[in-house]
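**Student:** Submitted below is the structure of interest, expressed as structure tokens.
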Amino acid sequence: MKVIEQEIATLKNSVSEMWSLVHQQIYNAGEAMLTGDKELAYKVINRERRVNAFELKIDSDCEDIIALYAPVAIDLRFVLAMYKINTNLERLGDFAESIARFTCNLPDKEPIDPQLIKETHVEEMLEELLSMISLAQEAFDKESSEIASRIFIKDNLIDEINHSSTAIIAHYIEKHPESALAGLYMAGIIRKMERFGDHCTNIAEELIFYLEAKVMKHMDKTEKEANH
Amino acid sequence: MIKIDTQSVDFYYGDFHALKNISMQIEANTSVAFIGPSGCGKSTYLRLFNRMNDLIPGTRLTGSICIDGRNIYDKGEKVDQLRKNVGMVFQKPNPFPKSIYENVAYGLRVNGVKDESYIEETVVKTIKQVALWDEVKEKLRESAFALSGGQQQRLCIARALAISPSILLMDEPTSALDPISTGKIEDLIHELKMQYTIVIVTHNMQQAARVSDKTGYFYLGELIEYDNTRKIFTNPEKESTQNYITGRFG
């Protein structure tokens, strides 16, 4: 194996490990939010440092490969894609941390009202987001742009839930003025989740760029589907 | 405008089939790089453009190579006229055992130019053109061998340019040079392509990427891929090209 191939394999392993860690962080943050488990939420906050450490290491590895091995063609696209995917994964890690902080700030023994969770479909949204990350990781592991392109469709559901959430939460606050703060927090989380979906589609775009040299950025969803 | 038009060229060294059905068009005032592993035929192909391979016994060519619309292998084509139009720079700097001035003046003198003021004007102009003037202006009458390798190579480029060619062939022109001299030659190629058509053979992938507008990848005597350099180095069509430029093969 050539040295550059070894370096690329090492970088791929690091990104894969970070991916798994970020997936776990979001899963735990979601669980903690839905169940009011503050201990789990603190665990997420503490592990955020590992996500940040991965980000720095991957950035540095990408810089080294570019500076030392002058990659071209698919190698160059791989390194550029990893550099950007790294940033998106780190943002997802930040997102997990912010949900965990929200859970930690809830009054003791007062988890979020299950009715609010049900009405906003936040649990389904979370599941969909986790499946988007898993799908992206599968596309990365199998080097499949076809799998990556499925993420664009999944983002539609996230957007739908986000669009309907404002009216649902406003109605909930009207009926439960004593839980207005929880309602506002929930609105914030749903907005973040919508951004989270965008990060997943960014990752899918980078994977397709790496694998097929196609630039999918700034295309709307129909264009993306038509182009793939 | 097409400067060099090659159609279905096959070339043989005796029984060895060195180039196989090569067709390629090179536009005027562009720089084109030929890349490929040793023995792939890229230098052989380059040397066809000024009929350097004519000197090798037992060689045979079929197909056509036209420069400015004229087939340079037609009977009646004058090789000395062709080489005035198609200059060449080699891997190792090869100045003549003469002064710096006389190296550049040589081509003019052998072509019968006697007007000393014209010769001097041309020598100064071409030495300036290759960005060597500031380094040699005080020692034009000293031996060219006193110059560094990088300076000698720029002098050889000046010597080639002095007789006003329209095409400059470069066969690994920086492989014997340090990075600073290499950088100067590469900068020079960027400037020269405004006035000349440049064809360069190089083993240095980054050099091909830096200096050329188009790149041709050769393997086992075949032109595997010929496209814009940006395309070749970011998303080549052929897997063989990708394997070569990424260092996985060759």
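A note on labels: chains of the structure tokens are A, B, ... as shown, every chain counts residues from 1, and ligands are counted from 1 in their shown order.
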Once you count only C-alpha atoms, which residues of chain B turn out to be within 10 Å of chain A? Could you give them as a CSV table (one decimal) with N, CA, C and O atoms, in the first residue's frame?

**Tutor:**
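Full text of part31.csv as output:
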chain,number,residue,atom,x,y,z
B,205,MET,N,4.0,15.4,-11.6
B,205,MET,CA,2.6,15.6,-11.8
B,205,MET,C,2.2,17.0,-11.4
B,205,MET,O,1.4,17.7,-12.1
B,206,GLN,N,2.7,17.5,-10.3
B,206,GLN,CA,2.4,18.9,-9.8
B,206,GLN,C,2.8,19.9,-10.9
B,206,GLN,O,2.1,20.9,-11.1
B,209,ALA,N,0.3,19.9,-13.6
B,209,ALA,CA,-0.9,20.6,-13.1
B,209,ALA,C,-0.7,22.1,-13.1
B,209,ALA,O,-1.6,22.9,-13.4
B,230,ARG,N,-7.2,20.8,-15.6
B,230,ARG,CA,-8.1,20.9,-14.4
B,230,ARG,C,-8.9,19.6,-14.3
B,230,ARG,O,-9.1,19.0,-13.2
B,231,LYS,N,-9.5,19.2,-15.4
B,231,LYS,CA,-10.3,18.0,-15.4
B,231,LYS,C,-9.5,16.7,-15.1
B,231,LYS,O,-9.8,15.9,-14.3
B,232,ILE,N,-8.3,16.6,-15.8
B,232,ILE,CA,-7.4,15.5,-15.6
B,232,ILE,C,-7.1,15.3,-14.1
B,232,ILE,O,-7.0,14.2,-13.6
B,233,PHE,N,-6.8,16.5,-13.5
B,233,PHE,CA,-6.3,16.4,-12.1
B,233,PHE,C,-7.4,16.4,-11.0
B,233,PHE,O,-7.1,16.3,-9.8
B,234,THR,N,-8.6,16.7,-11.4
B,234,THR,CA,-9.6,16.6,-10.4
B,234,THR,C,-10.6,15.5,-10.7
B,234,THR,O,-11.0,14.8,-9.7
B,235,ASN,N,-10.9,15.2,-11.9
B,235,ASN,CA,-11.8,14.1,-12.2
B,235,ASN,C,-11.6,13.5,-13.5
B,235,ASN,O,-12.4,13.7,-14.5
B,236,PRO,N,-10.5,12.7,-13.7
B,236,PRO,CA,-10.2,12.1,-15.0
B,236,PRO,C,-11.3,11.1,-15.4
B,236,PRO,O,-11.9,10.5,-14.5
B,241,THR,N,-5.8,6.7,-15.9
B,241,THR,CA,-5.3,8.0,-15.6
B,241,THR,C,-5.3,8.3,-14.1
B,241,THR,O,-4.3,8.8,-13.6
B,242,GLN,N,-6.4,8.0,-13.5
B,242,GLN,CA,-6.5,8.3,-12.1
B,242,GLN,C,-5.5,7.5,-11.3
B,242,GLN,O,-4.8,8.0,-10.4
B,243,ASN,N,-5.3,6.2,-11.6
B,243,ASN,CA,-4.3,5.4,-10.9
B,243,ASN,C,-2.9,6.0,-11.1
B,243,ASN,O,-2.1,5.9,-10.1
B,245,ILE,N,-2.0,9.3,-11.9
B,245,ILE,CA,-1.8,10.6,-11.2
B,245,ILE,C,-1.9,10.5,-9.7
B,245,ILE,O,-1.3,11.4,-9.0
B,246,THR,N,-2.6,9.5,-9.2
B,246,THR,CA,-2.6,9.4,-7.7
B,246,THR,C,-1.5,8.6,-7.2
B,246,THR,O,-1.4,8.3,-6.0
B,247,GLY,N,-0.6,8.1,-8.1
B,247,GLY,CA,0.5,7.4,-7.6
B,247,GLY,C,0.3,5.9,-7.3
B,247,GLY,O,1.1,5.2,-6.7
B,248,ARG,N,-0.9,5.4,-7.7
B,248,ARG,CA,-1.2,4.0,-7.4
B,248,ARG,C,-0.6,3.0,-8.4
B,248,ARG,O,-0.7,1.9,-8.3
B,249,PHE,N,-0.1,3.6,-9.5
B,249,PHE,CA,0.5,2.8,-10.6
B,249,PHE,C,1.5,3.6,-11.3
B,249,PHE,O,1.4,4.8,-11.4

**Student:** If we count only C-alpha atoms, what is near Ser16 in chain A at a cut-off of 12 Å, once residues fewer than 3 positions away on the same chain are taken out, given as a PyMOL selection string?

**Tutor:** chain A and resi 9-13+19-23+54-55+58+82+85-86+89+133-134+136-142

**Student:** Could you save the residues just selected, with N, CA and C atoms, as a compact mmCIF listing (two decimals), in the first residue's frame?

**Tutor:**
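What landed in again-v6.txt:
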# COMPACT_ATOMS: atom_id res chain seq x y z
N ALA A 9 -6.48 5.97 4.50
CA ALA A 9 -7.18 4.94 5.29
C ALA A 9 -7.26 5.38 6.76
N THR A 10 -6.17 5.96 7.26
CA THR A 10 -6.16 6.42 8.66
C THR A 10 -7.18 7.55 8.85
N LEU A 11 -7.21 8.47 7.88
CA LEU A 11 -8.17 9.58 7.96
C LEU A 11 -9.60 9.04 7.93
N LYS A 12 -9.82 8.07 7.07
CA LYS A 12 -11.17 7.50 6.95
C LYS A 12 -11.59 6.86 8.29
N ASN A 13 -10.65 6.16 8.92
CA ASN A 13 -10.97 5.55 10.22
C ASN A 13 -11.32 6.61 11.26
N TRP A 19 -17.87 9.87 13.50
CA TRP A 19 -19.25 9.71 13.05
C TRP A 19 -20.04 8.90 14.09
N SER A 20 -19.45 7.77 14.51
CA SER A 20 -20.12 6.90 15.49
C SER A 20 -20.32 7.65 16.81
N LEU A 21 -19.29 8.39 17.20
CA LEU A 21 -19.38 9.14 18.46
C LEU A 21 -20.50 10.18 18.40
N VAL A 22 -20.57 10.90 17.28
CA VAL A 22 -21.60 11.94 17.14
C VAL A 22 -22.99 11.31 17.11
N HIS A 23 -23.12 10.19 16.45
CA HIS A 23 -24.41 9.48 16.42
C HIS A 23 -24.82 9.12 17.85
N PHE A 54 -11.64 15.24 18.21
CA PHE A 54 -11.65 14.58 16.90
C PHE A 54 -11.61 15.62 15.79
N GLU A 55 -12.39 16.68 15.96
CA GLU A 55 -12.43 17.70 14.91
C GLU A 55 -11.03 18.28 14.66
N ILE A 58 -8.78 15.65 12.92
CA ILE A 58 -9.11 15.42 11.50
C ILE A 58 -8.70 16.62 10.65
N MET A 82 -13.71 15.20 3.41
CA MET A 82 -13.56 14.89 4.85
C MET A 82 -13.42 16.16 5.67
N ILE A 85 -16.96 17.47 5.91
CA ILE A 85 -17.82 16.57 6.70
C ILE A 85 -17.44 16.69 8.18
N ASN A 86 -16.15 16.84 8.42
CA ASN A 86 -15.66 17.02 9.79
C ASN A 86 -16.34 18.21 10.46
N LEU A 89 -19.97 17.36 11.14
CA LEU A 89 -20.12 16.44 12.28
C LEU A 89 -19.91 17.17 13.60
N ILE A 133 -28.21 10.19 9.83
CA ILE A 133 -26.77 10.06 10.14
C ILE A 133 -26.29 8.65 9.85
N SER A 134 -27.11 7.66 10.23
CA SER A 134 -26.71 6.26 9.98
C SER A 134 -26.58 6.00 8.49
N ALA A 136 -25.97 8.16 6.15
CA ALA A 136 -24.78 8.84 5.62
C ALA A 136 -23.53 8.03 5.96
N GLN A 137 -23.51 7.48 7.18
CA GLN A 137 -22.33 6.70 7.55
C GLN A 137 -22.24 5.41 6.71
N GLU A 138 -23.40 4.82 6.42
CA GLU A 138 -23.41 3.63 5.57
C GLU A 138 -22.89 3.98 4.16
N ALA A 139 -23.36 5.13 3.66
CA ALA A 139 -22.90 5.57 2.34
C ALA A 139 -21.39 5.77 2.35
N PHE A 140 -20.88 6.33 3.44
CA PHE A 140 -19.44 6.57 3.60
C PHE A 140 -18.68 5.24 3.65
N ASP A 141 -19.16 4.30 4.48
CA ASP A 141 -18.47 3.02 4.62
C ASP A 141 -18.48 2.23 3.31
N LYS A 142 -19.64 2.24 2.64
CA LYS A 142 -19.76 1.44 1.40
C LYS A 142 -19.37 2.23 0.15

**Student:** For range 194-206 of chain A, work out the shell of residues within 8 Å, counting only C-alpha atoms and skipping chain neighbours fewer than 6 positions away, then give it as a PyMOL selection string.

**Tutor:** chain A and resi 81-82+84-85+88-89+91-92+95+129+132-133+136+148-149+151-152+155+158-159+162+215-217

**Student:** Between B:Asp68, B:Asp171, B:Asp54, B:Glu120, which one has atoms that come closest to Phe11 in chain B, using only C-alpha atoms?

**Tutor:**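 Using only C-alpha atoms, Phe11 in chain B sits closest to B:Asp54.
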
**Student:** Just the residues within 10 Å of Asp108 in chain A, please, counting only C-alpha atoms, with nothing from its chain fewer than 2 positions along; format it as a ChimeraX atom specification.

**Tutor:** /A:36-38,103-106,110-111

**Student:** Report, in Å with one decimal, the straight-line distance from CA of Tyr42 in chain A to CA of Ile173 in chain A.

**Tutor:** 28.0 Å

**Student:** Would you kindly return, as JSON, numbers by chain, each protein, DNA or RNA residue with an atom no farther than 7 Å from any atom of range 62-65 of chain B, considering only C-alpha atoms and excluding same-chain residues fewer than 6 positions away?

**Tutor:** {"B": [5, 6, 7, 8, 9, 10, 11, 71, 72, 73]}

**Student:** Please produce a file of the residues just selected, as a PDB file, in the first residue's frame, where the atoms kept are C-alpha atoms.

**Tutor:**
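For reference, result-v8.pdb as written:
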ATOM      1  CA  ASP B   5      -2.779  18.546 -35.604  1.00  0.00           C
ATOM      2  CA  THR B   6      -1.822  14.896 -35.299  1.00  0.00           C
ATOM      3  CA  GLN B   7      -3.937  12.278 -37.054  1.00  0.00           C
ATOM      4  CA  SER B   8      -3.615   8.513 -36.553  1.00  0.00           C
ATOM      5  CA  VAL B   9       0.098   8.494 -35.906  1.00  0.00           C
ATOM      6  CA  ASP B  10       1.884   5.184 -35.489  1.00  0.00           C
ATOM      7  CA  PHE B  11       5.606   5.167 -34.905  1.00  0.00           C
ATOM      8  CA  ASN B  71       2.231  18.118 -42.923  1.00  0.00           C
ATOM      9  CA  ILE B  72       5.789  18.324 -41.593  1.00  0.00           C
ATOM     10  CA  TYR B  73       6.538  14.812 -42.846  1.00  0.00           C
TER      11      TYR B  73
END

**Student:** Please report, as a short mmCIF file (atom, residue, chain, number, x, y, z; two decimals) with N, CA, C and O atoms, in the first residue's frame, each residue of range 54-226 of chain B to which DSSP assigns helix (DSSP H, G or I) when run on this structure's backbone.

**Tutor:**
data_model
loop_
_atom_site.label_atom_id
_atom_site.label_comp_id
_atom_site.auth_asym_id
_atom_site.auth_seq_id
_atom_site.Cartn_x
_atom_site.Cartn_y
_atom_site.Cartn_z
N ASP B 54 14.03 11.54 -36.79
CA ASP B 54 14.55 11.22 -38.12
C ASP B 54 16.00 10.72 -38.03
O ASP B 54 16.47 9.99 -38.89
N LEU B 55 16.70 11.20 -36.99
CA LEU B 55 18.12 10.88 -36.86
C LEU B 55 18.36 9.45 -36.39
O LEU B 55 19.48 8.95 -36.45
N VAL B 79 13.64 20.37 -43.11
CA VAL B 79 13.77 20.12 -41.67
C VAL B 79 14.40 21.33 -40.96
O VAL B 79 14.01 21.68 -39.85
N ASP B 80 15.35 21.98 -41.61
CA ASP B 80 15.99 23.12 -40.94
C ASP B 80 14.99 24.26 -40.74
O ASP B 80 14.99 24.94 -39.71
N GLN B 81 14.09 24.43 -41.72
CA GLN B 81 13.06 25.46 -41.56
C GLN B 81 12.09 25.08 -40.43
O GLN B 81 11.67 25.91 -39.63
N LEU B 82 11.77 23.77 -40.40
CA LEU B 82 10.87 23.28 -39.35
C LEU B 82 11.47 23.56 -37.97
O LEU B 82 10.79 24.06 -37.07
N ARG B 83 12.75 23.29 -37.83
CA ARG B 83 13.38 23.44 -36.50
C ARG B 83 13.58 24.91 -36.12
O ARG B 83 13.76 25.22 -34.95
N LYS B 84 13.57 25.79 -37.11
CA LYS B 84 13.56 27.23 -36.77
C LYS B 84 12.22 27.60 -36.14
O LYS B 84 12.14 28.46 -35.27
N ASN B 85 11.20 26.90 -36.61
CA ASN B 85 9.85 27.21 -36.11
C ASN B 85 9.52 26.46 -34.83
O ASN B 85 8.67 26.88 -34.05
N ILE B 100 28.04 33.50 -22.92
CA ILE B 100 26.59 33.62 -22.74
C ILE B 100 25.99 34.31 -23.97
O ILE B 100 25.01 33.85 -24.55
N TYR B 101 26.62 35.39 -24.38
CA TYR B 101 26.14 36.17 -25.53
C TYR B 101 26.09 35.31 -26.79
O TYR B 101 25.08 35.26 -27.50
N GLU B 102 27.21 34.60 -27.04
CA GLU B 102 27.30 33.84 -28.29
C GLU B 102 26.36 32.64 -28.31
O GLU B 102 25.93 32.20 -29.37
N ASN B 103 26.04 32.11 -27.13
CA ASN B 103 25.06 31.02 -27.09
C ASN B 103 23.74 31.47 -27.68
O ASN B 103 23.11 30.76 -28.46
N VAL B 104 23.32 32.67 -27.29
CA VAL B 104 22.02 33.15 -27.76
C VAL B 104 22.11 33.63 -29.21
O VAL B 104 21.18 33.44 -30.00
N ALA B 105 23.29 34.18 -29.57
CA ALA B 105 23.47 34.70 -30.94
C ALA B 105 23.65 33.57 -31.95
O ALA B 105 23.45 33.77 -33.16
N TYR B 106 23.99 32.38 -31.46
CA TYR B 106 24.38 31.27 -32.35
C TYR B 106 23.33 30.97 -33.43
O TYR B 106 23.65 30.88 -34.62
N GLY B 107 22.10 30.82 -33.00
CA GLY B 107 21.04 30.45 -33.95
C GLY B 107 20.88 31.48 -35.05
O GLY B 107 20.63 31.14 -36.21
N LEU B 108 21.04 32.76 -34.68
CA LEU B 108 20.92 33.82 -35.68
C LEU B 108 22.07 33.75 -36.68
O LEU B 108 21.88 33.84 -37.89
N ARG B 109 23.27 33.55 -36.13
CA ARG B 109 24.46 33.52 -37.00
C ARG B 109 24.37 32.34 -37.98
O ARG B 109 24.65 32.52 -39.17
N VAL B 110 24.01 31.13 -37.49
CA VAL B 110 23.98 29.99 -38.42
C VAL B 110 22.85 30.14 -39.43
O VAL B 110 22.84 29.47 -40.46
N GLU B 116 25.03 42.99 -36.82
CA GLU B 116 25.43 42.88 -35.41
C GLU B 116 24.48 43.62 -34.46
O GLU B 116 24.24 43.18 -33.34
N SER B 117 23.97 44.77 -34.94
CA SER B 117 23.09 45.51 -34.03
C SER B 117 21.77 44.74 -33.83
O SER B 117 21.22 44.70 -32.73
N TYR B 118 21.32 44.10 -34.89
CA TYR B 118 20.10 43.27 -34.75
C TYR B 118 20.37 42.08 -33.83
O TYR B 118 19.54 41.75 -32.97
N ILE B 119 21.56 41.46 -34.01
CA ILE B 119 21.91 40.32 -33.16
C ILE B 119 21.95 40.76 -31.69
O ILE B 119 21.37 40.10 -30.81
N GLU B 120 22.60 41.88 -31.45
CA GLU B 120 22.72 42.35 -30.05
C GLU B 120 21.33 42.65 -29.46
O GLU B 120 21.03 42.28 -28.33
N GLU B 121 20.53 43.31 -30.28
CA GLU B 121 19.18 43.65 -29.81
C GLU B 121 18.39 42.37 -29.45
O GLU B 121 17.73 42.29 -28.42
N THR B 122 18.53 41.34 -30.32
CA THR B 122 17.81 40.09 -30.09
C THR B 122 18.35 39.36 -28.85
O THR B 122 17.58 38.82 -28.05
N VAL B 123 19.68 39.36 -28.71
CA VAL B 123 20.28 38.68 -27.55
C VAL B 123 19.77 39.31 -26.25
O VAL B 123 19.31 38.61 -25.34
N VAL B 124 19.81 40.63 -26.20
CA VAL B 124 19.37 41.32 -24.98
C VAL B 124 17.87 41.06 -24.73
O VAL B 124 17.45 40.74 -23.62
N LYS B 125 17.10 41.15 -25.82
CA LYS B 125 15.65 40.96 -25.69
C LYS B 125 15.31 39.55 -25.17
O LYS B 125 14.50 39.39 -24.25
N THR B 126 15.96 38.55 -25.73
CA THR B 126 15.59 37.18 -25.33
C THR B 126 16.13 36.84 -23.94
O THR B 126 15.48 36.12 -23.18
N ILE B 127 17.29 37.37 -23.61
CA ILE B 127 17.81 37.11 -22.25
C ILE B 127 16.88 37.78 -21.22
O ILE B 127 16.61 37.22 -20.16
N LYS B 128 16.38 38.95 -21.58
CA LYS B 128 15.39 39.59 -20.69
C LYS B 128 14.11 38.78 -20.64
O LYS B 128 13.48 38.63 -19.59
N GLN B 129 13.72 38.24 -21.80
CA GLN B 129 12.47 37.49 -21.90
C GLN B 129 12.47 36.27 -20.97
O GLN B 129 11.43 35.88 -20.43
N TRP B 133 18.34 38.43 -17.42
CA TRP B 133 19.14 39.63 -17.69
C TRP B 133 19.85 40.17 -16.44
O TRP B 133 21.06 40.41 -16.45
N ASP B 134 19.10 40.34 -15.35
CA ASP B 134 19.70 40.93 -14.16
C ASP B 134 20.86 40.08 -13.62
O ASP B 134 21.78 40.60 -12.98
N GLU B 135 20.79 38.78 -13.90
CA GLU B 135 21.83 37.89 -13.36
C GLU B 135 23.07 37.84 -14.25
O GLU B 135 24.15 37.48 -13.78
N VAL B 136 22.92 38.17 -15.54
CA VAL B 136 24.08 37.97 -16.44
C VAL B 136 24.53 39.25 -17.17
O VAL B 136 25.51 39.20 -17.91
N ALA B 144 29.34 30.34 -20.76
CA ALA B 144 28.02 29.92 -20.28
C ALA B 144 28.13 28.84 -19.21
O ALA B 144 27.23 28.64 -18.40
N PHE B 145 29.26 28.13 -19.22
CA PHE B 145 29.44 27.06 -18.23
C PHE B 145 29.59 27.60 -16.81
O PHE B 145 29.52 26.85 -15.85
N ALA B 146 29.87 28.92 -16.71
CA ALA B 146 30.02 29.51 -15.37
C ALA B 146 28.66 29.71 -14.69
O ALA B 146 28.60 30.01 -13.50
N GLY B 149 23.00 25.62 -12.96
CA GLY B 149 22.17 24.75 -13.80
C GLY B 149 20.88 25.44 -14.22
O GLY B 149 20.48 25.38 -15.39
N GLY B 150 20.25 26.12 -13.28
CA GLY B 150 18.98 26.80 -13.56
C GLY B 150 19.17 27.94 -14.55
O GLY B 150 18.36 28.16 -15.45
N GLN B 151 20.30 28.67 -14.37
CA GLN B 151 20.60 29.78 -15.30
C GLN B 151 20.92 29.23 -16.68
O GLN B 151 20.50 29.79 -17.70
N GLN B 152 21.67 28.11 -16.71
CA GLN B 152 22.01 27.51 -18.01
C GLN B 152 20.74 27.08 -18.75
O GLN B 152 20.63 27.25 -19.96
N GLN B 153 19.77 26.54 -18.00
CA GLN B 153 18.55 26.08 -18.65
C GLN B 153 17.77 27.27 -19.22
O GLN B 153 17.23 27.20 -20.32
N ARG B 154 17.73 28.37 -18.46
CA ARG B 154 17.04 29.56 -18.99
C ARG B 154 17.79 30.12 -20.20
O ARG B 154 17.19 30.63 -21.15
N LEU B 155 19.14 29.99 -20.17
CA LEU B 155 19.93 30.43 -21.33
C LEU B 155 19.58 29.57 -22.55
O LEU B 155 19.45 30.09 -23.67
N CYS B 156 19.41 28.27 -22.32
CA CYS B 156 19.04 27.37 -23.43
C CYS B 156 17.66 27.73 -23.98
O CYS B 156 17.43 27.64 -25.19
N ILE B 157 16.78 28.16 -23.09
CA ILE B 157 15.45 28.59 -23.57
C ILE B 157 15.62 29.87 -24.40
O ILE B 157 15.03 30.01 -25.48
N ALA B 158 16.47 30.78 -23.91
CA ALA B 158 16.72 32.02 -24.66
C ALA B 158 17.31 31.70 -26.03
O ALA B 158 16.93 32.30 -27.05
N ARG B 159 18.22 30.73 -26.06
CA ARG B 159 18.85 30.33 -27.34
C ARG B 159 17.78 29.82 -28.32
O ARG B 159 17.81 30.13 -29.50
N ALA B 160 16.83 29.06 -27.75
CA ALA B 160 15.76 28.52 -28.61
C ALA B 160 14.84 29.64 -29.11
O ALA B 160 14.36 29.61 -30.24
N LEU B 161 14.61 30.63 -28.24
CA LEU B 161 13.66 31.70 -28.59
C LEU B 161 14.26 32.73 -29.56
O LEU B 161 13.51 33.43 -30.25
N PRO B 179 14.43 23.48 -6.66
CA PRO B 179 13.06 24.03 -6.67
C PRO B 179 12.97 25.50 -7.06
O PRO B 179 12.00 25.90 -7.71
N ILE B 180 13.98 26.30 -6.71
CA ILE B 180 13.91 27.73 -7.04
C ILE B 180 14.04 27.92 -8.56
O ILE B 180 13.26 28.64 -9.18
N SER B 181 15.03 27.22 -9.14
CA SER B 181 15.20 27.31 -10.60
C SER B 181 13.98 26.75 -11.30
O SER B 181 13.53 27.29 -12.33
N THR B 182 13.43 25.66 -10.75
CA THR B 182 12.22 25.06 -11.34
C THR B 182 11.08 26.06 -11.34
O THR B 182 10.38 26.23 -12.34
N GLY B 183 10.95 26.78 -10.21
CA GLY B 183 9.89 27.79 -10.10
C GLY B 183 10.05 28.87 -11.15
O GLY B 183 9.07 29.32 -11.75
N LYS B 184 11.32 29.28 -11.40
CA LYS B 184 11.56 30.34 -12.40
C LYS B 184 11.18 29.85 -13.79
O LYS B 184 10.60 30.59 -14.59
N ILE B 185 11.54 28.60 -14.10
CA ILE B 185 11.20 28.06 -15.43
C ILE B 185 9.67 27.96 -15.57
O ILE B 185 9.11 28.28 -16.63
N GLU B 186 9.02 27.53 -14.50
CA GLU B 186 7.55 27.40 -14.58
C GLU B 186 6.89 28.77 -14.77
O GLU B 186 5.94 28.91 -15.55
N ASP B 187 7.41 29.78 -14.06
CA ASP B 187 6.87 31.15 -14.24
C ASP B 187 7.06 31.59 -15.69
O ASP B 187 6.19 32.21 -16.31
N LEU B 188 8.23 31.21 -16.21
CA LEU B 188 8.58 31.58 -17.58
C LEU B 188 7.59 30.92 -18.57
O LEU B 188 7.14 31.58 -19.52
N ILE B 189 7.28 29.67 -18.32
CA ILE B 189 6.34 28.96 -19.22
C ILE B 189 5.01 29.71 -19.25
O ILE B 189 4.42 29.90 -20.31
N HIS B 190 4.55 30.16 -18.08
CA HIS B 190 3.29 30.91 -18.02
C HIS B 190 3.35 32.16 -18.90
O HIS B 190 2.39 32.50 -19.58
N GLU B 191 4.51 32.84 -18.85
CA GLU B 191 4.62 34.07 -19.64
C GLU B 191 4.77 33.76 -21.13
O GLU B 191 4.19 34.42 -21.98
N LEU B 192 5.57 32.72 -21.42
CA LEU B 192 5.88 32.43 -22.82
C LEU B 192 4.67 31.95 -23.61
O LEU B 192 4.60 32.14 -24.82
N MET B 205 4.01 15.41 -11.60
CA MET B 205 2.57 15.62 -11.75
C MET B 205 2.16 17.04 -11.40
O MET B 205 1.36 17.68 -12.08
N GLN B 206 2.73 17.54 -10.29
CA GLN B 206 2.35 18.89 -9.85
C GLN B 206 2.79 19.92 -10.87
O GLN B 206 2.11 20.92 -11.09
N GLN B 207 3.94 19.66 -11.51
CA GLN B 207 4.39 20.60 -12.54
C GLN B 207 3.41 20.61 -13.71
O GLN B 207 3.04 21.67 -14.20
N ALA B 208 3.00 19.42 -14.13
CA ALA B 208 2.02 19.35 -15.23
C ALA B 208 0.77 20.12 -14.85
O ALA B 208 0.22 20.89 -15.64
N ALA B 209 0.34 19.94 -13.60
CA ALA B 209 -0.88 20.61 -13.14
C ALA B 209 -0.69 22.12 -13.10
O ALA B 209 -1.60 22.88 -13.44
N ARG B 210 0.52 22.55 -12.71
CA ARG B 210 0.75 24.00 -12.56
C ARG B 210 0.91 24.72 -13.89
O ARG B 210 0.44 25.84 -14.04
N VAL B 211 1.59 24.10 -14.84
CA VAL B 211 1.98 24.89 -16.03
C VAL B 211 1.13 24.67 -17.27
O VAL B 211 1.23 25.44 -18.22
#

**Student:** In Å, rounded to a single decimal, give me how far CA of Tyr217 in chain B is from CA of His17 in chain B.

**Tutor:**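 Interatomic distance, CA of His17 in chain B to CA of Tyr217 in chain B: 17.6 Å.
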
**Student:** Please identify which residues in range 135-215 of chain B DSSP calls strand (DSSP E) from the backbone, and express them as a list in words.

**Tutor:** Ile167, Leu168, Leu169, Met170, Asp171, Thr197, Ile198, Val199, Ile200, Val201, Lys214 and Thr215 of chain B

**Student:** Print the selection's residues with N, CA, C and O atoms to a file, as a compact mmCIF listing (two decimals), in the first residue's frame.

**Tutor:**
# COMPACT_ATOMS: atom_id res chain seq x y z
N ILE B 167 6.71 27.45 -31.75
CA ILE B 167 6.45 26.32 -30.85
C ILE B 167 7.71 26.05 -30.05
O ILE B 167 8.82 26.09 -30.58
N LEU B 168 7.54 25.76 -28.75
CA LEU B 168 8.67 25.41 -27.92
C LEU B 168 8.40 24.04 -27.29
O LEU B 168 7.39 23.86 -26.59
N LEU B 169 9.28 23.09 -27.58
CA LEU B 169 9.15 21.75 -27.01
C LEU B 169 10.09 21.66 -25.81
O LEU B 169 11.23 22.09 -25.88
N MET B 170 9.60 21.10 -24.72
CA MET B 170 10.44 20.99 -23.53
C MET B 170 10.36 19.56 -23.01
O MET B 170 9.30 19.08 -22.64
N ASP B 171 11.52 18.89 -23.01
CA ASP B 171 11.54 17.50 -22.58
C ASP B 171 12.12 17.43 -21.15
O ASP B 171 13.33 17.50 -20.97
N THR B 197 3.45 28.36 -28.54
CA THR B 197 2.74 27.14 -28.16
C THR B 197 3.79 26.25 -27.48
O THR B 197 4.85 26.02 -28.04
N ILE B 198 3.47 25.81 -26.27
CA ILE B 198 4.48 25.07 -25.51
C ILE B 198 4.00 23.64 -25.26
O ILE B 198 2.87 23.43 -24.83
N VAL B 199 4.88 22.71 -25.55
CA VAL B 199 4.57 21.30 -25.26
C VAL B 199 5.66 20.80 -24.33
O VAL B 199 6.85 20.90 -24.64
N ILE B 200 5.27 20.28 -23.18
CA ILE B 200 6.24 19.90 -22.16
C ILE B 200 6.02 18.45 -21.74
O ILE B 200 4.89 18.04 -21.49
N VAL B 201 7.11 17.72 -21.69
CA VAL B 201 7.07 16.35 -21.13
C VAL B 201 7.57 16.45 -19.70
O VAL B 201 8.60 17.07 -19.44
N LYS B 214 -3.67 21.94 -21.01
CA LYS B 214 -4.19 20.60 -21.31
C LYS B 214 -3.13 19.57 -20.99
O LYS B 214 -1.93 19.86 -21.06
N THR B 215 -3.59 18.38 -20.65
CA THR B 215 -2.65 17.31 -20.33
C THR B 215 -3.03 16.05 -21.10
O THR B 215 -4.21 15.71 -21.20
